[in-house]
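Undergrad: Let me begin by handing over the structure; questions about it come next.
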Amino acid sequence: MATELQTIGRQIAAPIPQDEDALNLRALFMTLWRRKMVVIGTALIFTSISVLVVNQLVPLYVAEAQVVVEPPRTNVVDIESVAPGLSTDWFTQETQAAILGSRLLAGKVIDRLTPSEKNLLFDPTPRPPKESWWERLGIDEYVAEYVPEEWLTAVQDFSEKWLVALQDFGAMEETEEAPPVALSPAEQRREVRDRRIGAYLGQLEIVPSDSSRVITVRVTSPDAEMAATLANAAAEVYIDDQVDTKSDQTELANAWLQDRAIELKRRVEGSARAMEAHRRKSGLINVEGTSLLAQQLSELNSRLIVARAELAESEARYAQVQKLLRAEGGIESAAAVLQSTLIQRLREQEAEVLRNIAELRTQLREGHPKMILARNELTDLVAKIKSEVRKIVTNLGNELEISRVRVTNLQREVNRLQGRLDSQTDAEITLRALETELEANQKLYDTILARLKETGVQDASLVQADARIISYATVPRAPSFPRKKIIVITAFVAATVLGIFLVMLLEHLDAGFRSREQLEAATGVTTLGVVPHLKVRRFGGAPPHDDILERPNTAFSESFRMLRTALMLSNIDRPPRCVLITSSIPGEGKSTTALALARTAAKQGQKCIILDADLRHPGMHEAFDVPNDVGLIDYLGHDMPLEEIVQIDFKSGAHFVLAGQTVPHAIDLLGSERMRALLASLREVYDLIVIDTPPVLALSDTLVLLRYVDKTIFLVRWEKTRRETLLAGVRQVLDAGADLAGIVLTQVDMRKQAQYPYGSAYYGTYRSAYRKYYSG
């Protein structure tokens, strides 16, 4: 019957099975909540450190200008043939990006800056030492007064190392070394310029786009205006450099073209002189594309043909005249005679005279002087006409002779020129070669001259770069580094994660017990009860064993009533009357538990006695506030009567036996037959005997008493007792033959225990509901 009731009780007390995933999540949450101060502390510490470090960092501002690489769309002249533009492939983008970030363009950017802007990059004048972070915060006086100097040096060195590491991560740190003193002024200026260029290049970042022809010029600087100035200056210097490069190329091409034009002009003139000299020497002078001999021969042939035609005509006229001369009066009908204007006038005069004679004949006689004068005049006219006819005939003969001579001369000249023309074949070949050379030189000269004229009219304002600025950098309003909010939030999140990791690590390394389930799972022994931890007030507060009498309705008092009940239910048929209380190590509440259990039983009406069996380190007399004059040692070792060692606790009505004066052979006394007889006689008188014993791992005194008692209660301090310690103690107790009633978890912080998955079922979840049953 008793065994069945115990089984039923354990089943009722067993936790209700829960879903494993839900239990794990709940356990994780409760673990974090239980150790929330670790997480909060870690987060606060590292977040505070991050705030201090962030406030020490030099703010960096980022300004961006954008340049697009593309050939110009407007060409006033064909300058591309002299200075060709850029292609738009990937290699061109990377090349132009490298040019933008080159040291040559960096030097031009530095030269364009004002002296004050140059000093922002690198100031060669010595600088005062940087203020420490406590000087910036204005607490340097307090730090100097209360903090040792070596500590300040160590902290300053640590801060500087952190700042250097973060500066290397965010941007290149400024170099503060002054130029070498041994250098000459020119070398110092060059050194300063080189350092400024290095500082500028350290702040410059060129980012070519992978999907377009845009190149981003990004400058990171501690000064916002300086960042925008450098970004815009870099873009403008790049554009100006392209224009200057094209202008230089045009000037070089113009100079080269001028030299080539002069040289080609001399070559053309030389070729022309050589060709003309050859022509003159060989007689192959061209006139309108024909050689002089050929032209002369052609002209002579034409003249010969004309001369032959004139000869034939002259011969025909002359033959006609000779024929007419042989006929009476026929000469006057000749064409040459008829066409003579003199003869025509003479014929007109003759006709006039004949008409005059005819009129005179009608009026005068033949011998009239007028008639005679008219006949004489007519005779003169006829004589003149005949004279003129003879002249015409003579002239036709002369013309015929001239025509014959002309034809003969022309024929002779044609034959001579034809002979010379036949002998000029080799000279013509040489002439054609000279003409070809002259023509080639002339074409080359014309091409160079035309290009020279194009480049000569090219003005610097017409030269366009192969890139243009599409976005100028503006002064950034906020620094890009450090992003204080992001860094602090990141540090807070990281610190929180670190805190969670530390919680998990501490939880994993924690070897203490915090719940009934952990105890039963580790030992396989029933947990009889849980004793809350009772904080003792410093001023006027009662100790725990007195608190159950002064405040019987507290959770602490109730825990001992529950322990007494569980002890009685451990064997319903034969409730234990002699109970031994022990633990693995000191400080687990054995004396407090034994005294509180005895007083609780006494208050419940049982006759109860408590024995202080910790003979080597007694403490019961302090709890009862009585001297430790006589006790168990006197009874066992000196045969003192029992009545003289038993004392009464007037507060609860329980009886107690102190340990008495310590002796070195306590184990012999506890294992003696007199001790066995004492317990036997006490069983006859008392309902409950509670024995307070030393820890089993520290001393072996307890082990000799285990077989003399009915039940053994093993105490485990909540959170403090390590698992291997408990297991070792329980193993010793069981090996010694003890009847172990169960384990009691003592000094439990109920609020913390409520944060564990199983502990909340006993106190945490229903804490507010339990309060109405407890007071104080």
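Naming scheme: A, B, ... for chains in displayed order of the structure tokens; residues 1 onward per chain; ligands 1 onward as shown.
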I need the residues in stretch 546-608 of chain A that are alpha helix (DSSP H) according to DSSP; give them as a PyMOL selection string.

TA: chain A and resi 546-550+555-569+590-603

Undergrad: Please, which residues of stretch 559-651 of chain A, numbered as in this document, come out strand (DSSP E or B) from DSSP, as a ChimeraX atom specification?

TA: /A:578-583,608-612,646-648

Undergrad: Can you write out the residues you just picked, keeping N, CA and C atoms, as a short mmCIF file (atom, residue, chain, number, x, y, z; two decimals), in the first residue's frame?

TA:
```
data_model
loop_
_atom_site.label_atom_id
_atom_site.label_comp_id
_atom_site.auth_asym_id
_atom_site.auth_seq_id
_atom_site.Cartn_x
_atom_site.Cartn_y
_atom_site.Cartn_z
N CYS A 578 13.84 8.28 13.27
CA CYS A 578 15.21 8.77 13.44
C CYS A 578 15.75 9.16 12.07
N VAL A 579 16.01 10.45 11.88
CA VAL A 579 16.40 11.00 10.59
C VAL A 579 17.77 11.66 10.71
N LEU A 580 18.65 11.30 9.81
CA LEU A 580 20.00 11.88 9.76
C LEU A 580 20.05 12.87 8.60
N ILE A 581 20.60 14.03 8.87
CA ILE A 581 20.72 15.08 7.84
C ILE A 581 22.20 15.32 7.59
N THR A 582 22.59 15.18 6.31
CA THR A 582 23.98 15.37 5.93
C THR A 582 24.05 16.01 4.54
N SER A 583 25.29 16.23 4.08
CA SER A 583 25.51 16.82 2.75
C SER A 583 26.91 16.43 2.29
N CYS A 608 9.98 15.90 19.76
CA CYS A 608 11.13 15.90 18.85
C CYS A 608 12.38 16.28 19.61
N ILE A 609 13.48 15.65 19.22
CA ILE A 609 14.78 15.97 19.78
C ILE A 609 15.79 16.06 18.64
N ILE A 610 16.72 16.98 18.74
CA ILE A 610 17.76 17.17 17.73
C ILE A 610 19.12 16.94 18.37
N LEU A 611 19.93 16.14 17.72
CA LEU A 611 21.27 15.81 18.22
C LEU A 611 22.31 16.49 17.33
N ASP A 612 23.24 17.19 17.93
CA ASP A 612 24.36 17.80 17.20
C ASP A 612 25.50 16.77 17.15
N VAL A 646 20.39 16.52 27.89
CA VAL A 646 19.21 16.92 27.12
C VAL A 646 18.75 18.28 27.61
N GLN A 647 18.55 19.20 26.65
CA GLN A 647 18.08 20.54 26.99
C GLN A 647 16.80 20.83 26.21
N ILE A 648 16.11 21.87 26.63
CA ILE A 648 14.80 22.16 26.05
C ILE A 648 14.87 23.51 25.30
#
```

Undergrad: Between A:Arg722, A:Arg303, A:Lys281, A:Arg260, which one has atoms that come closest to A:Gln518, using only C-alpha atoms?

TA: A:Arg722

Undergrad: Considering only C-alpha atoms, return as a list in words whatever protein or nucleic-acid residues lie within 9 Å of A:Ala233, sequence-local ones (same chain, fewer than 2 positions apart) excluded.

TA: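 The filter keeps Val109, Ile110, Arg112, Leu113, Ala228, Thr229, Leu230, Ala231, Ala235, Glu236, Val237 and Tyr238 of chain A.
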
Undergrad: I'd like to know which of A:Pro695, A:Lys607, A:Pro552, A:Thr662 is closest to A:Pro586, using only C-alpha atoms.

TA: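 Ranked by minimum distance to A:Pro586, first place goes to A:Pro695.
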